[in-house]
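Asks: Input structure: upload.cif, which contains mmCIF, C-alpha atoms.
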```cif
data_entry
loop_
_atom_site.label_atom_id
_atom_site.label_comp_id
_atom_site.auth_asym_id
_atom_site.auth_seq_id
_atom_site.Cartn_x
_atom_site.Cartn_y
_atom_site.Cartn_z
CA MET T 1 116.65 169.81 38.48
CA GLU T 2 113.11 168.42 38.13
CA GLU T 3 112.27 171.02 35.47
CA ASN T 4 115.38 170.09 33.49
CA ILE T 5 114.49 166.41 33.62
CA SER T 6 110.94 167.21 32.53
CA GLU T 7 112.21 169.03 29.45
CA LEU T 8 114.70 166.24 28.76
CA VAL T 9 112.08 163.49 28.95
CA LYS T 10 109.64 165.46 26.81
CA GLY T 11 112.37 165.83 24.19
CA LEU T 12 113.11 162.08 24.30
CA LEU T 13 109.40 161.34 23.99
CA GLU T 14 109.15 163.55 20.92
CA SER T 15 111.96 161.56 19.29
CA ARG T 16 109.64 158.51 19.34
CA ARG T 17 112.53 156.10 19.77
CA GLU T 18 114.81 154.56 22.36
CA ASP T 19 118.60 154.62 22.37
CA ASP T 20 121.63 153.57 24.35
CA TRP T 21 120.96 155.90 27.30
CA TRP T 22 117.18 155.95 27.61
CA ASP T 23 114.47 153.29 27.77
CA PHE T 24 110.69 153.66 28.07
CA LYS T 25 108.65 151.30 30.23
CA ARG T 26 104.84 151.13 30.44
CA GLU T 27 105.07 150.16 34.11
CA HIS T 28 107.52 149.24 36.83
CA HIS T 29 109.08 145.79 36.65
CA HIS T 30 107.17 142.87 38.17
CA ASP T 31 110.39 140.83 38.20
CA LYS T 32 113.12 142.41 40.33
CA ALA T 33 115.80 140.48 38.46
CA LYS T 34 114.71 142.12 35.20
CA LEU T 35 114.86 145.52 36.94
CA VAL T 36 118.41 144.85 38.15
CA HIS T 37 119.40 143.58 34.70
CA ASP T 38 118.10 146.79 33.09
CA ILE T 39 119.95 148.93 35.63
CA ILE T 40 123.23 147.06 35.04
CA CYS T 41 122.84 147.41 31.26
CA MET T 42 122.31 151.16 31.60
CA ALA T 43 125.17 151.55 34.09
CA ASN T 44 127.48 149.69 31.67
CA SER T 45 126.28 151.62 28.63
CA ARG T 46 128.91 153.02 26.27
CA ALA T 47 127.04 156.34 26.13
CA ASN T 48 129.35 157.73 28.85
CA ARG T 49 126.60 159.82 30.45
CA ASP T 50 123.71 159.43 32.90
CA ALA T 51 121.10 157.00 31.59
CA TYR T 52 117.32 156.98 32.12
CA ILE T 53 114.71 154.27 32.60
CA ILE T 54 111.39 156.09 32.19
CA PHE T 55 108.30 154.45 33.68
CA GLY T 56 104.75 155.30 32.55
CA ILE T 57 105.28 155.49 28.79
CA GLU T 58 104.57 152.68 26.33
CA ASP T 59 107.76 151.73 24.51
CA GLU T 60 106.01 150.89 21.23
CA THR T 61 103.34 153.57 20.84
CA PHE T 62 105.02 156.18 23.11
CA ASN T 63 101.64 156.90 24.66
CA VAL T 64 101.78 158.47 28.12
CA ILE T 65 100.15 156.03 30.58
CA GLY T 66 101.44 157.19 33.94
CA VAL T 67 102.35 155.17 37.02
CA GLU T 68 99.94 156.63 39.55
CA HIS T 69 97.96 153.34 39.58
CA ASP T 70 100.94 151.00 39.14
CA THR T 71 100.80 148.35 41.90
CA GLU T 72 104.52 147.57 41.41
CA ARG T 73 105.61 151.20 41.68
CA ARG T 74 108.89 151.57 43.59
CA THR T 75 110.57 154.46 45.31
CA GLN T 76 114.25 155.32 45.14
CA GLN T 77 114.78 153.69 48.53
CA ASN T 78 113.03 150.50 47.38
CA ILE T 79 115.44 150.17 44.47
CA VAL T 80 118.49 151.06 46.58
CA ASP T 81 117.48 148.31 49.02
CA ILE T 82 117.23 145.79 46.17
CA LEU T 83 120.70 146.71 44.89
CA ARG T 84 122.17 146.51 48.39
CA SER T 85 120.79 142.99 48.83
CA ILE T 86 122.73 141.71 45.81
CA ARG T 87 126.39 140.67 45.75
CA PHE T 88 128.05 142.91 43.20
CA ALA T 89 131.69 142.27 42.35
CA GLY T 90 133.91 144.22 44.71
CA GLY T 91 130.86 145.51 46.58
CA VAL T 92 130.55 148.30 43.99
CA ARG T 93 126.96 148.96 42.91
CA PRO T 94 125.37 151.21 40.30
CA ARG T 95 124.31 154.60 41.65
CA ILE T 96 120.71 155.55 41.01
CA GLU T 97 118.29 158.38 41.69
CA MET T 98 114.52 158.49 41.19
CA ARG T 99 112.61 161.57 40.08
CA THR T 100 108.87 161.94 39.46
CA ILE T 101 107.63 164.42 36.87
CA LYS T 102 104.28 165.33 35.33
CA ILE T 103 103.52 164.81 31.65
CA GLN T 104 99.97 165.20 30.34
CA LYS T 105 98.76 165.24 33.96
CA HIS T 106 100.29 161.79 34.60
CA ASP T 107 103.01 160.78 37.03
CA ILE T 108 106.14 159.63 35.21
CA ASP T 109 108.91 158.02 37.25
CA VAL T 110 112.41 158.64 35.90
CA LEU T 111 115.08 156.29 37.21
CA ILE T 112 118.46 157.99 36.67
CA VAL T 113 121.38 155.56 36.43
CA LYS T 114 124.50 157.60 37.13
CA ASN T 115 127.49 157.65 34.83
CA THR T 116 130.58 156.48 36.75
CA ASN T 117 134.06 155.15 36.09
CA THR T 118 133.64 152.07 38.30
CA VAL T 119 132.42 149.95 35.39
CA PRO T 120 131.83 147.21 34.50
CA TYR T 121 129.22 146.31 37.10
CA TYR T 122 128.56 142.58 37.43
CA LEU T 123 127.47 140.08 40.08
CA GLU T 124 129.52 137.66 42.15
CA LYS T 125 126.50 135.52 42.96
CA GLU T 126 123.45 134.50 40.94
CA TYR T 127 120.34 136.60 41.50
CA GLN T 128 116.68 135.73 40.97
CA ASP T 129 113.42 137.24 42.18
CA GLY T 130 112.32 134.66 44.73
CA ARG T 131 108.68 135.69 44.47
CA ILE T 132 108.17 134.64 40.86
CA MET T 133 111.24 132.49 40.14
CA GLY T 134 111.80 134.15 36.79
CA LYS T 135 115.04 134.43 34.84
CA LYS T 136 118.35 134.53 36.68
CA ILE T 137 121.15 137.05 36.44
CA SER T 138 124.30 134.98 36.11
CA PRO T 139 127.42 135.75 38.14
CA PHE T 140 130.46 137.14 36.30
CA HIS T 141 128.36 138.01 33.25
CA ILE T 142 128.87 141.53 31.92
CA TYR T 143 125.81 143.17 30.40
CA THR T 144 125.61 146.41 28.46
CA ARG T 145 123.26 148.31 26.16
CA VAL T 146 123.94 148.90 22.47
CA VAL T 147 121.66 151.42 20.74
CA ASP T 148 118.21 150.35 22.07
CA THR T 149 119.03 146.73 22.94
CA ASN T 150 120.23 145.26 26.22
CA THR T 151 122.54 142.27 26.40
CA PRO T 152 120.21 139.27 26.92
CA ILE T 153 120.12 138.14 30.53
CA ASP T 154 121.57 134.73 29.62
CA HIS T 155 124.37 136.14 27.42
CA ASN T 156 127.61 138.08 27.84
CA ALA T 157 128.35 141.39 26.17
CA ASP T 158 130.54 141.37 23.08
CA ILE T 159 134.25 141.36 23.86
CA ASN T 160 134.83 144.81 22.33
CA ASP T 161 132.18 146.28 24.65
CA VAL T 162 133.71 144.54 27.67
CA GLU T 163 137.15 145.86 26.74
CA TYR T 164 135.75 149.37 26.44
CA LEU T 165 134.29 149.21 29.96
CA TRP T 166 137.61 148.10 31.48
CA ARG T 167 139.46 150.83 29.59
CA LYS T 168 136.96 153.35 30.96
CA ARG T 169 137.51 152.08 34.49
CA PHE T 170 141.27 152.53 34.30
CA GLY T 171 141.10 155.74 32.27
CA LEU T 172 143.13 154.26 29.44
CA ASP T 173 141.18 156.11 26.75
CA ARG T 174 141.70 159.47 28.40
CA SER T 175 144.37 162.12 28.05
CA PRO T 176 147.00 162.34 30.84
CA LYS T 177 145.22 165.38 32.29
CA GLU T 178 141.85 163.60 32.28
CA ARG T 179 143.45 160.60 33.96
CA LEU T 180 145.01 162.93 36.53
CA MET T 181 141.57 164.28 37.45
CA LEU T 182 140.44 160.73 38.20
CA LEU T 183 143.58 159.74 40.10
CA LEU T 184 143.45 162.82 42.33
CA ASP T 185 140.13 161.50 43.68
CA GLU T 186 141.95 158.43 45.03
CA LYS T 187 143.10 160.15 48.20
CA ASN T 188 144.47 157.01 49.86
CA LYS T 189 146.75 156.15 46.95
CA TRP T 190 149.03 159.17 47.00
CA ILE T 191 152.25 159.20 48.99
CA PHE T 192 153.32 162.66 50.12
CA ASP T 193 154.93 164.45 53.05
CA TRP T 194 155.50 168.09 52.22
CA GLY T 195 157.36 168.68 55.46
CA ASN T 196 160.11 166.23 54.52
CA LYS T 197 159.82 165.45 50.82
CA THR T 198 159.63 167.53 47.68
CA TYR T 199 157.45 165.12 45.70
CA ALA T 200 154.32 162.99 45.84
CA TYR T 201 153.26 160.11 43.62
CA HIS T 202 150.37 157.73 42.97
CA ILE T 203 151.24 154.25 44.25
CA ASP T 204 149.56 152.42 41.35
CA TYR T 205 150.58 154.89 38.64
CA PRO T 206 153.88 156.44 39.79
CA GLU T 207 154.29 158.02 36.35
CA PHE T 208 151.94 160.65 37.79
CA LYS T 209 154.02 162.74 40.18
CA ILE T 210 153.49 166.04 42.00
CA GLU T 211 156.74 167.88 42.64
CA ARG T 212 157.60 170.96 44.66
CA ASN T 213 159.94 172.73 42.29
CA GLY T 214 162.39 174.79 44.33
CA GLU T 215 162.70 176.03 47.89
CA PHE T 216 159.94 177.73 49.82
CA VAL T 217 160.24 181.51 49.71
CA PRO T 218 158.47 184.03 51.96
CA GLY T 219 155.19 185.32 50.57
CA TRP T 220 151.99 186.93 51.70
CA TRP T 221 148.31 186.36 51.19
CA PRO T 222 145.66 187.87 53.48
CA ALA T 223 144.47 184.39 54.47
CA ALA T 224 147.77 184.01 56.36
CA ALA T 225 146.55 186.53 58.95
CA PHE T 226 144.00 183.98 60.14
CA TYR T 227 146.63 181.51 61.36
CA SER T 228 148.39 181.59 64.73
CA ASN T 229 151.68 182.40 63.04
CA PRO T 230 151.07 184.68 60.04
CA LYS T 231 154.29 183.67 58.31
CA MET T 232 153.54 182.30 54.84
CA TYR T 233 155.76 180.60 52.30
CA LEU T 234 155.17 179.44 48.77
CA SER T 235 156.83 177.26 46.16
CA PRO T 236 156.08 176.33 42.55
CA LEU T 237 154.24 173.01 42.28
CA LYS T 238 154.37 170.98 39.09
CA ILE T 239 152.47 167.85 38.12
CA PHE T 240 154.26 165.40 35.83
CA PHE T 241 153.18 162.55 33.60
CA HIS T 242 156.46 160.69 33.20
CA ASN T 243 158.83 163.59 32.46
CA THR T 244 156.26 165.91 30.93
CA ILE T 245 154.77 168.77 32.94
CA ILE T 246 150.98 168.62 32.52
CA TYR T 247 149.99 171.24 35.12
CA GLU T 248 151.64 174.02 37.13
CA THR T 249 150.37 175.73 40.27
CA GLU T 250 151.79 176.64 43.71
CA LEU T 251 152.10 175.01 47.11
CA TRP T 252 151.27 177.38 49.96
CA SER T 253 152.53 176.86 53.50
CA PHE T 254 150.74 178.57 56.38
CA ASP T 255 151.32 178.81 60.14
CA GLU T 256 155.12 178.38 59.91
CA PHE T 257 154.99 175.13 57.85
CA ARG T 258 152.15 173.56 59.84
CA LYS T 259 149.55 173.70 57.06
CA TYR T 260 150.05 172.99 53.36
CA LEU T 261 147.43 174.01 50.82
CA PRO T 262 147.33 174.44 47.05
CA LYS T 263 147.14 177.90 45.55
CA SER T 264 143.63 179.37 45.53
CA GLU T 265 141.87 181.45 42.88
CA ASN T 266 140.58 185.01 43.32
CA HIS T 267 137.24 186.63 42.58
CA VAL T 268 136.40 190.34 42.38
CA VAL T 269 133.01 191.08 43.95
CA GLU T 270 130.53 192.46 41.43
CA ALA T 271 130.05 196.23 41.67
CA LYS T 272 132.83 196.32 44.28
CA ARG T 273 135.89 196.36 42.07
CA ASP T 274 138.28 196.79 45.00
CA PHE T 275 136.75 193.91 46.99
CA TRP T 276 138.06 190.36 46.61
CA TYR T 277 137.82 186.85 48.01
CA SER T 278 139.89 183.69 47.49
CA TYR T 279 138.29 180.34 46.72
CA TYR T 280 138.63 176.72 45.64
CA LEU T 281 136.36 174.85 43.23
CA LEU T 282 136.31 171.22 44.30
CA ASP T 283 135.98 170.00 40.71
CA SER T 284 139.14 171.85 39.63
CA ILE T 285 142.70 170.52 39.95
CA GLU T 286 143.40 172.86 42.90
CA GLY T 287 140.15 171.71 44.52
CA LYS T 288 141.13 168.08 44.13
CA LEU T 289 144.59 168.86 45.52
CA LEU T 290 142.89 170.51 48.50
CA GLN T 291 140.93 167.33 49.16
CA LEU T 292 144.11 165.29 48.78
CA PHE T 293 146.23 167.47 51.07
CA THR T 294 143.53 167.56 53.78
CA GLY T 295 142.69 163.85 53.57
CA GLY T 296 139.22 164.69 52.33
CA SER T 297 138.33 166.83 55.36
CA LEU T 298 138.60 170.19 53.51
CA ASP T 299 139.84 171.60 56.81
CA ILE T 300 142.07 174.56 56.00
CA SER T 301 142.66 175.41 59.68
CA SER T 302 145.83 174.79 61.66
CA ARG T 303 146.01 175.65 65.36
CA GLU T 304 143.02 177.98 65.24
CA PRO T 305 139.46 177.32 64.02
CA ASN T 306 138.56 177.43 60.35
CA TYR T 307 137.67 181.07 59.73
CA HIS T 308 136.69 180.38 56.09
CA GLN T 309 139.62 182.55 55.09
CA ILE T 310 139.53 180.72 51.75
CA LEU T 311 136.04 179.87 50.48
CA ILE T 312 135.22 176.40 49.16
CA PHE T 313 132.60 175.65 46.49
CA GLU T 314 131.54 172.38 44.90
CA ASN T 315 131.54 173.90 41.43
CA LYS T 316 130.99 177.10 39.45
CA GLN T 317 127.23 176.89 39.94
CA LYS T 318 127.58 176.99 43.74
CA LYS T 319 130.04 179.86 43.49
CA SER T 320 127.54 181.75 41.32
CA GLU T 321 124.81 181.15 43.92
CA PHE T 322 127.06 182.56 46.62
CA ASN T 323 127.84 185.61 44.48
CA GLN T 324 124.13 186.34 44.20
CA TYR T 325 123.77 186.01 47.98
CA LEU T 326 126.81 188.26 48.47
CA LYS T 327 125.34 190.90 46.18
CA VAL T 328 122.07 191.01 48.14
CA HIS T 329 123.54 190.77 51.65
CA PHE T 330 126.82 192.65 51.27
CA ASP T 331 125.76 195.38 53.71
CA ASP T 332 124.30 193.05 56.36
CA TYR T 333 127.43 193.72 58.45
CA SER T 334 128.92 197.15 58.93
CA ASP T 335 132.61 197.61 58.26
CA GLU T 336 133.09 198.61 61.88
CA SER T 337 131.51 195.41 63.21
CA ILE T 338 133.83 193.33 61.01
CA ARG T 339 136.87 195.30 62.16
CA GLN T 340 135.92 194.79 65.79
CA GLN T 341 135.30 191.04 65.43
CA TYR T 342 138.49 190.40 63.45
CA GLU T 343 140.68 193.08 64.98
CA HIS T 344 143.48 190.62 65.77
CA GLN T 345 143.70 189.25 62.20
CA ILE T 346 143.52 192.69 60.60
CA LYS T 347 146.40 193.87 62.80
CA LYS T 348 148.47 190.88 61.66
CA ASP T 349 147.78 191.79 58.05
CA ASN T 350 148.84 195.41 58.54
CA SER T 351 151.98 194.32 60.39
CA GLU T 352 153.10 191.74 57.83
CA ASN T 353 152.58 193.63 54.59
CA GLY T 354 153.16 197.19 55.75
CA GLY T 355 149.66 198.53 55.96
CA GLY T 356 147.46 196.11 54.04
CA LEU T 357 147.19 195.39 50.35
CA VAL T 358 144.22 196.34 48.20
CA TYR T 359 143.07 192.78 48.91
CA SER T 360 143.23 192.67 52.70
CA ALA T 361 142.35 190.61 55.77
CA PHE T 362 139.37 192.90 56.30
CA GLN T 363 137.96 191.80 52.95
CA VAL T 364 138.70 188.17 53.79
CA ALA T 365 136.81 188.54 57.07
CA LYS T 366 133.74 190.21 55.57
CA CYS T 367 133.37 187.68 52.75
CA ALA T 368 133.99 184.83 55.19
CA LYS T 369 131.23 186.10 57.47
CA LEU T 370 128.77 186.25 54.58
CA TYR T 371 129.92 182.85 53.34
CA GLU T 372 129.19 181.34 56.76
CA ASP T 373 125.67 182.82 56.66
CA TRP T 374 125.19 181.48 53.13
CA LEU T 375 126.21 177.99 54.24
CA ASN T 376 123.65 178.12 57.02
CA THR T 377 120.90 179.05 54.56
CA THR T 378 121.80 176.31 52.08
#
```
Is it possible to express this structure as structure tokens?
Replies:
Amino acid sequence: MEENISELVKGLLESRREDDWWDFKREHHHDKAKLVHDIICMANSRANRDAYIIFGIEDETFNVIGVEHDTERRTQQNIVDILRSIRFAGGVRPRIEMRTIKIQKHDIDVLIVKNTNTVPYYLEKEYQDGRIMGKKISPFHIYTRVVDTNTPIDHNADINDVEYLWRKRFGLDRSPKERLMLLLDEKNKWIFDWGNKTYAYHIDYPEFKIERNGEFVPGWWPAAAFYSNPKMYLSPLKIFFHNTIIYETELWSFDEFRKYLPKSENHVVEAKRDFWYSYYLLDSIEGKLLQLFTGGSLDISSREPNYHQILIFENKQKKSEFNQYLKVHFDDYSDESIRQQYEHQIKKDNSENGGGLVYSAFQVAKCAKLYEDWLNTT
């Protein structure tokens, strides 16, 4: 990540300008109120991406000065502590991260202000740096950044910019599917009970509804062998916006209707064309449904421990990292050792589907064992 930021900052430096998502500073702020004001402006920027406050570069000449001798230099924790001490509306604060890179042998601090949907950020109580009694950040004022200019600390942003930030917060400028991705993250706002009801809905936006379409029918997936009762059932699952279907998947029931999970995806192991594993990506719709159905715990177990019978990855990058690990360590465990350790589950698989499919409980067990090792290394 540091290397990517280095290349990014070097590219911004070569542009010899500032814009709505990056700002050069010769040194760290002496006035904490001005620092907070700059962070709020970046967090409320219309750029709709992470923003950067870059310390150690003159904003007029673009000369690299460095911050290694800056007496006001702050760490990430210093800035987090400042933000925590301030009363933001709703207790929601901008998210930041600090990185230090080297340019022309100088330390350059890069304050990353994260792009979020919880805008606009503004204060409930006036804030001023008590050390120097400089300018005050006014409560209930909304600041933003337009091109290379911040809203003055004693002004409010233009009404069209304020309206944009509220629309962003509520997802009103997004497509129904994009809004769905945001709403699925609100785990406490969905009403569902798959054991007794055939539908779920968002309490604030009931036009978004998840519906089990039809009765459960018997099915089989090797992951079922890792539950106390290997009986598995499945049903089509449709997601509606009003009366329009915007996504279709399946609802899987394991352990005789004790565990409900969304359908998983499959991956064929490289160079092992007959070897498979099932997985969820947490940034996909199925991954978000998994988080919703498990209350955020990601616990796919029922009455037995989680055997990692379905693998879980944050995103495609993490899945790719695991695939590289799998390729290198595939033979760390002999087939016989896997069969001995998971003899009970493999027998269930053979019993339920008449001898085991090409994708079998044995494959689930071996990939799960390697996945567990990979988790321990990362």
Asks: Find the residues around region 27-33 of chain T up to 7 Å (all atoms listed in the file counted), leave out those fewer than 4 positions away in its own chain, and share them as a PDB file with C-alpha atoms, keeping the file's coordinate frame.
Replies:
```
ATOM      1  CA  HIS T  37     119.400 143.580  34.700  1.00  0.00           C
ATOM      2  CA  PHE T  55     108.300 154.450  33.680  1.00  0.00           C
ATOM      3  CA  GLY T  56     104.750 155.300  32.550  1.00  0.00           C
ATOM      4  CA  VAL T  67     102.350 155.170  37.020  1.00  0.00           C
ATOM      5  CA  ASP T  70     100.940 151.000  39.140  1.00  0.00           C
ATOM      6  CA  GLU T  72     104.520 147.570  41.410  1.00  0.00           C
ATOM      7  CA  ARG T  73     105.610 151.200  41.680  1.00  0.00           C
ATOM      8  CA  TYR T 127     120.340 136.600  41.500  1.00  0.00           C
ATOM      9  CA  GLN T 128     116.680 135.730  40.970  1.00  0.00           C
ATOM     10  CA  ASP T 129     113.420 137.240  42.180  1.00  0.00           C
ATOM     11  CA  GLY T 134     111.800 134.150  36.790  1.00  0.00           C
ATOM     12  CA  LYS T 136     118.350 134.530  36.680  1.00  0.00           C
ATOM     13  CA  ILE T 137     121.150 137.050  36.440  1.00  0.00           C
TER      14      ILE T 137
END
```
Asks: Looking at only C-alpha atoms, which of T:Lys263, T:Arg179, T:Lys348, T:Arg167 is the one that sits closest to Lys231 (chain T)?
Replies: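 Of all the options, T:Lys348 lies closest to Lys231 (chain T).
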Asks: Step by step, work through what the PyMOL selection byres ((chain T and resi 221) around 12) selects in the shown file, and finish by giving those residues as a PyMOL selection string.
Replies: chain T and resi 218-220+222-227+230-234+252-254+263-266+276-278+309-310+348-350+352-353+356-361+363-364
Asks: For the PyMOL selection byres ((chain T and resi 321-328) around 9), applied here, can you spell out every residue it catches as a PDB file with C-alpha atoms, keeping the file's coordinate frame?
Replies:
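Saved the output as result01.pdb:
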```
ATOM      1  CA  VAL T 269     133.010 191.080  43.950  1.00  0.00           C
ATOM      2  CA  GLU T 270     130.530 192.460  41.430  1.00  0.00           C
ATOM      3  CA  ALA T 271     130.050 196.230  41.670  1.00  0.00           C
ATOM      4  CA  PHE T 313     132.600 175.650  46.490  1.00  0.00           C
ATOM      5  CA  LYS T 316     130.990 177.100  39.450  1.00  0.00           C
ATOM      6  CA  GLN T 317     127.230 176.890  39.940  1.00  0.00           C
ATOM      7  CA  LYS T 318     127.580 176.990  43.740  1.00  0.00           C
ATOM      8  CA  LYS T 319     130.040 179.860  43.490  1.00  0.00           C
ATOM      9  CA  SER T 320     127.540 181.750  41.320  1.00  0.00           C
ATOM     10  CA  HIS T 329     123.540 190.770  51.650  1.00  0.00           C
ATOM     11  CA  PHE T 330     126.820 192.650  51.270  1.00  0.00           C
ATOM     12  CA  ASP T 331     125.760 195.380  53.710  1.00  0.00           C
ATOM     13  CA  ASP T 332     124.300 193.050  56.360  1.00  0.00           C
ATOM     14  CA  CYS T 367     133.370 187.680  52.750  1.00  0.00           C
ATOM     15  CA  LEU T 370     128.770 186.250  54.580  1.00  0.00           C
ATOM     16  CA  TYR T 371     129.920 182.850  53.340  1.00  0.00           C
ATOM     17  CA  TRP T 374     125.190 181.480  53.130  1.00  0.00           C
ATOM     18  CA  LEU T 375     126.210 177.990  54.240  1.00  0.00           C
TER      19      LEU T 375
END
```
Asks: Take the PyMOL selection byres ((chain T and resi 145) around 6), apply it to the structure above, and return the hits as a list in words.
Replies: Asp20, Cys41, Ser45, Thr144, Val146, Thr149 and Asn150 of chain T
